[in-house]
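Dumped protein.txt below, it's compact mmCIF, C-alpha atoms:
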```
# COMPACT_ATOMS: atom_id res chain seq x y z
CA MET O 1 -2.04 44.72 -17.33
CA GLU O 2 0.51 47.39 -16.52
CA THR O 3 -0.13 46.90 -12.80
CA ALA O 4 0.11 43.11 -13.04
CA PHE O 5 3.45 43.35 -14.85
CA GLY O 6 4.66 45.94 -12.34
CA ILE O 7 3.89 43.54 -9.50
CA THR O 8 5.75 40.76 -11.29
CA GLU O 9 8.80 42.99 -11.83
CA THR O 10 8.80 44.00 -8.15
CA SER O 11 8.53 40.34 -7.14
CA ARG O 12 11.46 39.44 -9.36
CA LYS O 13 13.61 42.19 -7.80
CA VAL O 14 12.91 40.66 -4.38
CA LEU O 15 13.96 37.26 -5.73
CA LEU O 16 17.12 38.74 -7.20
CA GLY O 17 17.93 39.99 -3.71
CA PHE O 18 17.97 36.39 -2.48
CA LEU O 19 20.33 35.40 -5.30
CA GLU O 20 22.66 38.29 -4.57
CA ASN O 21 22.64 38.16 -0.77
CA TYR O 22 22.91 34.44 -0.06
CA SER O 23 25.86 32.18 -0.77
CA LEU O 24 25.63 29.19 -3.09
CA GLU O 25 25.68 26.97 0.01
CA GLU O 26 22.78 28.90 1.56
CA LEU O 27 20.78 28.86 -1.70
CA ASN O 28 21.14 25.06 -1.82
CA LYS O 29 20.50 24.33 1.87
CA ILE O 30 17.24 22.58 2.72
CA PRO O 31 16.50 23.42 6.35
CA GLU O 32 15.02 20.81 8.62
CA GLY O 33 11.25 20.72 8.24
CA PHE O 34 11.35 21.94 4.62
CA ASN O 35 11.35 19.90 1.41
CA ASN O 36 13.00 22.51 -0.79
CA ASN O 37 15.43 25.43 -0.70
CA LEU O 38 15.73 29.04 -1.82
CA ILE O 39 17.00 28.31 -5.30
CA TRP O 40 14.38 25.64 -6.00
CA ASN O 41 11.63 28.14 -5.16
CA ILE O 42 13.08 30.70 -7.57
CA GLY O 43 13.49 28.14 -10.37
CA HIS O 44 9.96 26.92 -9.68
CA ILE O 45 8.57 30.46 -9.93
CA ILE O 46 10.20 30.94 -13.34
CA VAL O 47 9.02 27.58 -14.67
CA VAL O 48 5.44 27.91 -13.45
CA GLN O 49 5.08 31.35 -15.05
CA GLN O 50 6.18 29.84 -18.34
CA LEU O 51 3.81 26.89 -18.07
CA LEU O 52 0.81 28.98 -16.99
CA VAL O 53 1.25 31.74 -19.54
CA TYR O 54 3.00 30.20 -22.55
CA LYS O 55 2.32 26.47 -22.51
CA LEU O 56 -1.39 26.89 -21.81
CA SER O 57 -1.49 29.45 -24.63
CA GLY O 58 0.04 26.92 -27.01
CA LEU O 59 3.18 29.03 -27.47
CA PRO O 60 6.83 27.97 -27.17
CA ILE O 61 8.18 28.31 -23.65
CA LEU O 62 11.29 30.35 -22.92
CA VAL O 63 13.04 27.85 -20.64
CA SER O 64 14.60 24.46 -21.33
CA GLN O 65 12.83 21.15 -20.88
CA GLU O 66 15.57 20.26 -18.38
CA MET O 67 14.65 23.27 -16.29
CA ILE O 68 10.97 22.33 -16.39
CA GLU O 69 11.81 18.81 -15.24
CA LYS O 70 13.85 20.18 -12.31
CA TYR O 71 11.43 22.84 -11.08
CA GLN O 72 7.87 22.02 -12.11
CA LYS O 73 5.15 21.22 -9.60
CA GLY O 74 5.82 17.96 -7.81
CA THR O 75 9.61 18.19 -7.98
CA LYS O 76 12.13 18.83 -5.25
CA PRO O 77 15.85 19.60 -5.22
CA GLU O 78 17.76 16.51 -6.33
CA HIS O 79 21.25 18.01 -6.26
CA ASN O 80 23.05 21.23 -5.42
CA ILE O 81 23.00 23.75 -8.23
CA THR O 82 26.13 25.43 -9.52
CA GLU O 83 27.07 29.08 -9.78
CA GLU O 84 26.48 28.81 -13.54
CA GLU O 85 22.90 27.69 -12.90
CA VAL O 86 22.40 30.62 -10.52
CA ASP O 87 23.64 32.95 -13.25
CA GLU O 88 21.18 31.44 -15.75
CA ILE O 89 18.33 31.85 -13.26
CA LYS O 90 19.31 35.51 -12.68
CA VAL O 91 18.97 36.16 -16.41
CA LEU O 92 15.69 34.25 -16.71
CA LEU O 93 14.17 36.14 -13.77
CA PHE O 94 13.90 39.24 -15.92
CA SER O 95 14.19 38.07 -19.53
CA THR O 96 11.05 35.93 -19.20
CA VAL O 97 9.04 38.85 -17.82
CA GLU O 98 10.28 41.25 -20.49
CA LYS O 99 9.45 38.76 -23.24
CA THR O 100 6.00 38.16 -21.75
CA LYS O 101 5.32 41.90 -21.64
CA GLN O 102 6.38 42.26 -25.27
CA ASP O 103 4.41 39.24 -26.41
CA PHE O 104 1.34 40.50 -24.56
CA ALA O 105 1.73 43.95 -26.16
CA ASP O 106 2.10 42.23 -29.55
CA ASP O 107 -1.17 40.35 -28.87
CA LEU O 108 0.41 36.90 -29.29
CA PHE O 109 -1.72 35.25 -26.62
CA GLN O 110 -4.74 34.44 -28.79
CA ASN O 111 -5.62 30.99 -27.50
CA TYR O 112 -5.69 29.69 -23.95
CA ARG O 113 -6.51 26.26 -22.59
CA GLU O 114 -8.57 26.90 -19.46
CA PHE O 115 -6.86 25.73 -16.27
CA THR O 116 -7.92 25.59 -12.63
CA SER O 117 -5.17 25.93 -10.04
CA MET O 118 -4.88 23.86 -6.88
CA SER O 119 -6.26 26.85 -4.98
CA GLY O 120 -9.40 26.73 -7.12
CA PHE O 121 -8.83 29.77 -9.33
CA THR O 122 -9.78 29.17 -12.97
CA MET O 123 -7.69 30.92 -15.60
CA LYS O 124 -9.50 31.47 -18.88
CA SER O 125 -6.88 33.65 -20.59
CA ALA O 126 -3.20 34.47 -20.58
CA ALA O 127 -4.10 37.75 -18.83
CA ASN O 128 -5.74 35.72 -16.04
CA ALA O 129 -2.61 33.56 -15.84
CA ILE O 130 -0.32 36.60 -15.60
CA GLU O 131 -2.45 37.98 -12.78
CA PHE O 132 -2.69 34.63 -10.97
CA ASN O 133 1.05 34.13 -11.34
CA ASN O 134 1.63 37.08 -8.99
CA TYR O 135 -0.30 35.22 -6.29
CA HIS O 136 1.78 32.11 -6.95
CA GLU O 137 5.04 34.06 -6.74
CA ALA O 138 3.94 35.67 -3.47
CA ILE O 139 3.26 32.26 -1.90
CA HIS O 140 6.73 31.02 -2.78
CA THR O 141 8.38 34.27 -1.71
CA GLY O 142 6.72 33.79 1.67
CA VAL O 143 8.12 30.26 1.88
CA MET O 144 11.57 31.65 1.07
CA MET O 145 11.25 34.23 3.83
CA GLN O 146 10.62 31.35 6.22
CA ILE O 147 13.54 29.29 4.86
CA ARG O 148 16.00 32.16 5.29
CA LYS O 149 15.32 32.21 9.03
CA PHE O 150 16.98 28.79 9.26
CA LEU O 151 20.11 29.46 7.19
```
Show this structure as structure tokens.
Amino acid sequence: METAFGITETSRKVLLGFLENYSLEELNKIPEGFNNNLIWNIGHIIVVQQLLVYKLSGLPILVSQEMIEKYQKGTKPEHNITEEEVDEIKVLLFSTVEKTKQDFADDLFQNYREFTSMSGFTMKSAANAIEFNNYHEAIHTGVMMQIRKFL
């Protein structure tokens, strides 16, 4: 799992680069032809990791219900986010990964409700979910790389 967590940490550093190198206006902008923006993709990545790994393991999630409602699958940006929300997302980018690493090392992920993603991959364990999550993050990072061309 060391490699899977290393990939996640590298992905999160790339995402932090978006948060640090784009203005609040740019993070909130939805370019023509897109249905979301940079910051929604980052919030979505954080929320989905929590749902795939923690919720399906029957463990408490590390983000608020409000955040889940804003960024879960099927949502889209409803309003511009504030600098305070960006700061919260910056913290969650890394705190959620660190907590997952610790919880995995502490063998907390004992139960997992099997789940098949839209792409057809079936996760049978939290370890599968952690590995699949890297694929999910890569898809959204690719979308963000397209969005930034139109900012």
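Shortest atom-to-atom contact with Ser23 (chain O) among O:Glu2, O:Glu131, O:Glu83, O:Glu66: O:Glu83, counting all atoms listed in the file.
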Practice problem: Tell me, as a ChimeraX atom specification, which residues lie within 12 Å of Met144 (chain O), counting all atoms listed in the file; anything in the same chain fewer than 2 positions away does not count. | Solution: /O:14-15,17-19,22,26-31,34-42,44-45,137-142,146-151
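For the point (-1.1, 39.5, -14.2), the residues with at least one atom inside 10 Å, counting all atoms listed in the file, are Met1, Glu2, Thr3, Ala4, Phe5, Gly6, Ile7, Thr8, Val53, Ala126, Ala127, Asn128, Ala129, Ile130, Glu131, Phe132, Asn133, Asn134 and Tyr135 of chain O.
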Quiz prompt | Residues within 10 Å of Gln110 (chain O), only C-alpha atoms, excluding chain neighbours under 3 positions, as a ChimeraX atom specification | solution = /O:57-59,104,107,125-126
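Counting only C-alpha atoms and comparing O:Lys124, O:His79, O:Lys99, O:Lys55, the residue that lies closest to Glu25 (chain O) is O:His79.
Atom to atom, CA of Ile61 (chain O) and CA of Ile46 (chain O) stand 10.8 Å apart.
For the pair CA of Val63 (chain O) and CA of Val47 (chain O), the interatomic distance is 7.2 Å.
Of the listed residues O:Thr122, O:Asp87, O:Lys101, O:Val143, the one whose atoms come nearest to Tyr54 (chain O) is O:Lys101, with distances taken using all atoms listed in the file.
Shortest separation to His136 (chain O) among O:Ala105, O:Val48, O:Leu56, O:Leu24 occurs at residue O:Val48, atoms counted being all atoms listed in the file.
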